[in-house]
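> Mind having a look at this structure? Questions to follow.
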Amino acid sequence: MNEDLQKRIEEALRNPQNMGELANADAVGTVGNSDCGEMLRLWVTFKQEKGRKVIDRATFQSFGCESAIAVASLATELIRGKTPQEALALKTEELAGELGPLPPMKIHCAQLVEGALRSALEPTAAEGKPTPSQNKQTGPSLLDNFSKPKEGKARITFLPKE
């Protein structure tokens with residue numbers, strides 16, 4: 001990884017945005033990549049703006065490398081104010097935002113974020129909708145959900161090998 005990209009990642013990590021669970025989320029998406037052991041969960045809330053349903057807020061938790069955390073932080077800011085369709089139309093490389101183009105060995109970080117976004121926002125991903133127990137402030141943490149899988153809690157999508 002080049003030094004310029006490493007500096008941009010470090011800058012994003014100094015002040016990561018939107019980390020943590022989001023109480024009363026309207027949608028939740030979870031993805032994991034068994035090859036590298038990274039997992040990411042994305043929470044999304046919506047609001048009505050000028051007669052359109054737009055993303056009000058998105059937060060994330062990640063078991064992943066610095067690059068995945070940096071991309072998730074930037075992507076949660078990037079999708080704010082977009083409709084679900086507009087957010088889903090973003091290309092993998094666009095989700096990396098101001099990090100710029102990622103090297104081939106780090107593209108999976110943006111794909112992880114894209115997968116969580118799709119898991120939360122695609123109309124066919126009904127499993128991405130939170131259950132009442134996930135809406136509670138004291139609900140299970142991300143680690144709890146991975147340690148003790150429960151039916152209907154979250155959809156985990158394994159990304160294809162490259």
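Residues are referred to by chain and number: the chain letter is A, B, ... according to the order shown in the structure tokens, the number counts from 1 in that chain, and ligands are numbered separately from 1 in the order shown.
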Using only C-alpha atoms, determine which residues lie at most 10 Å from Val44 (chain A), disregarding the query and same-chain residues fewer than 2 positions distant; provide the list as a compact mmCIF listing (two decimals) with N, CA, C and O atoms, in the first residue's frame.

# COMPACT_ATOMS: atom_id res chain seq x y z
N GLU A 21 -23.52 0.87 17.51
CA GLU A 21 -24.89 0.46 17.21
C GLU A 21 -25.80 1.68 17.16
O GLU A 21 -25.54 2.67 17.82
N LEU A 22 -26.86 1.57 16.38
CA LEU A 22 -27.83 2.65 16.23
C LEU A 22 -29.18 2.16 16.73
O LEU A 22 -29.80 1.29 16.10
N ALA A 23 -29.60 2.69 17.87
CA ALA A 23 -30.89 2.29 18.44
C ALA A 23 -32.02 2.63 17.48
O ALA A 23 -31.96 3.63 16.77
N ASN A 24 -33.01 1.80 17.44
CA ASN A 24 -34.21 2.00 16.62
C ASN A 24 -33.90 2.11 15.13
O ASN A 24 -34.55 2.88 14.41
N ALA A 25 -32.92 1.36 14.66
CA ALA A 25 -32.58 1.37 13.24
C ALA A 25 -33.75 0.83 12.42
O ALA A 25 -34.49 -0.04 12.86
N ASP A 26 -33.92 1.39 11.24
CA ASP A 26 -34.95 0.92 10.32
C ASP A 26 -34.48 -0.29 9.52
O ASP A 26 -35.30 -1.07 9.03
N ALA A 27 -33.16 -0.43 9.35
CA ALA A 27 -32.61 -1.57 8.62
C ALA A 27 -31.22 -1.87 9.16
O ALA A 27 -30.51 -0.98 9.63
N VAL A 28 -30.87 -3.16 9.11
CA VAL A 28 -29.56 -3.62 9.58
C VAL A 28 -29.03 -4.60 8.54
O VAL A 28 -29.75 -5.46 8.07
N GLY A 29 -27.77 -4.43 8.18
CA GLY A 29 -27.13 -5.37 7.25
C GLY A 29 -25.82 -5.86 7.83
O GLY A 29 -25.07 -5.10 8.44
N LEU A 42 -23.98 -2.83 9.55
CA LEU A 42 -24.37 -1.46 9.22
C LEU A 42 -25.81 -1.26 9.66
O LEU A 42 -26.68 -2.07 9.35
N PHE A 46 -34.07 6.08 8.42
CA PHE A 46 -34.57 6.87 7.31
C PHE A 46 -35.40 8.03 7.82
O PHE A 46 -35.89 8.02 8.94
N ILE A 55 -31.85 8.38 3.60
CA ILE A 55 -31.07 7.89 4.73
C ILE A 55 -30.78 9.07 5.64
O ILE A 55 -30.19 10.07 5.23
N ASP A 56 -31.24 8.96 6.87
CA ASP A 56 -31.01 10.00 7.86
C ASP A 56 -29.65 9.79 8.54
O ASP A 56 -28.88 10.72 8.73
N ARG A 57 -29.39 8.54 8.90
CA ARG A 57 -28.15 8.24 9.61
C ARG A 57 -27.77 6.80 9.36
O ARG A 57 -28.64 5.93 9.20
N ALA A 58 -26.47 6.53 9.32
CA ALA A 58 -25.96 5.17 9.22
C ALA A 58 -24.78 5.04 10.16
O ALA A 58 -23.98 5.97 10.30
N THR A 59 -24.71 3.91 10.86
CA THR A 59 -23.58 3.63 11.75
C THR A 59 -23.09 2.23 11.46
O THR A 59 -23.75 1.45 10.76
N PHE A 60 -21.92 1.90 12.01
CA PHE A 60 -21.34 0.59 11.74
C PHE A 60 -20.53 0.08 12.92
O PHE A 60 -20.10 0.85 13.78
N THR A 76 -20.54 5.85 5.52
CA THR A 76 -21.72 6.23 6.29
C THR A 76 -22.02 7.71 6.17
O THR A 76 -23.17 8.12 6.25
N ILE A 79 -23.49 8.27 2.28
CA ILE A 79 -24.85 7.85 1.94
C ILE A 79 -25.93 8.70 2.62
O ILE A 79 -27.09 8.62 2.25
N ARG A 80 -25.55 9.50 3.59
CA ARG A 80 -26.52 10.34 4.29
C ARG A 80 -27.22 11.28 3.30
O ARG A 80 -26.57 11.91 2.46
N PRO A 84 -32.47 5.04 -0.65
CA PRO A 84 -31.85 3.71 -0.68
C PRO A 84 -31.36 3.33 -2.09
O PRO A 84 -30.28 2.78 -2.24
N LEU A 117 -24.19 -2.69 3.07
CA LEU A 117 -25.17 -1.73 2.58
C LEU A 117 -26.27 -2.45 1.80
O LEU A 117 -27.46 -2.22 2.01
N ALA A 120 -28.57 -4.39 4.06
CA ALA A 120 -29.52 -3.54 4.79
C ALA A 120 -30.59 -2.93 3.90
O ALA A 120 -31.73 -2.78 4.31
N LEU A 121 -30.24 -2.57 2.66
CA LEU A 121 -31.14 -1.75 1.85
C LEU A 121 -31.87 -2.44 0.72
O LEU A 121 -32.86 -1.91 0.23
N LYS A 129 -33.98 -6.25 8.18
CA LYS A 129 -34.81 -5.39 9.03
C LYS A 129 -34.62 -5.80 10.48
O LYS A 129 -34.60 -6.98 10.80
N PRO A 130 -34.48 -4.82 11.37
CA PRO A 130 -34.23 -5.16 12.77
C PRO A 130 -35.45 -5.79 13.43
O PRO A 130 -36.58 -5.52 13.05
> So how many Å separate CA of Lys91 (chain A) and CA of Ile107 (chain A), to one decimal?
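Taking CA of Lys91 (chain A) as the start and CA of Ile107 (chain A) as the end point, the length is 11.6 Å.
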> Using only C-alpha atoms, which of the listed residues (A:Glu66, A:Glu49, A:Glu77, A:Glu38) sits closest to Arg14 (chain A)?
A:Glu66
> Work out how far apart CA of Thr83 (chain A) and CA of Gly20 (chain A) are and give it in Å to one decimal.
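Computed distance, CA of Thr83 (chain A) to CA of Gly20 (chain A), equals 22.0 Å.
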> Quick one: residues within 9 Å of Leu99 (chain A), only C-alpha atoms counted, chain neighbours fewer than 6 positions away excluded, as an NGL selection string?
:A and (5 or 8-9 or 12 or 70-71 or 74)
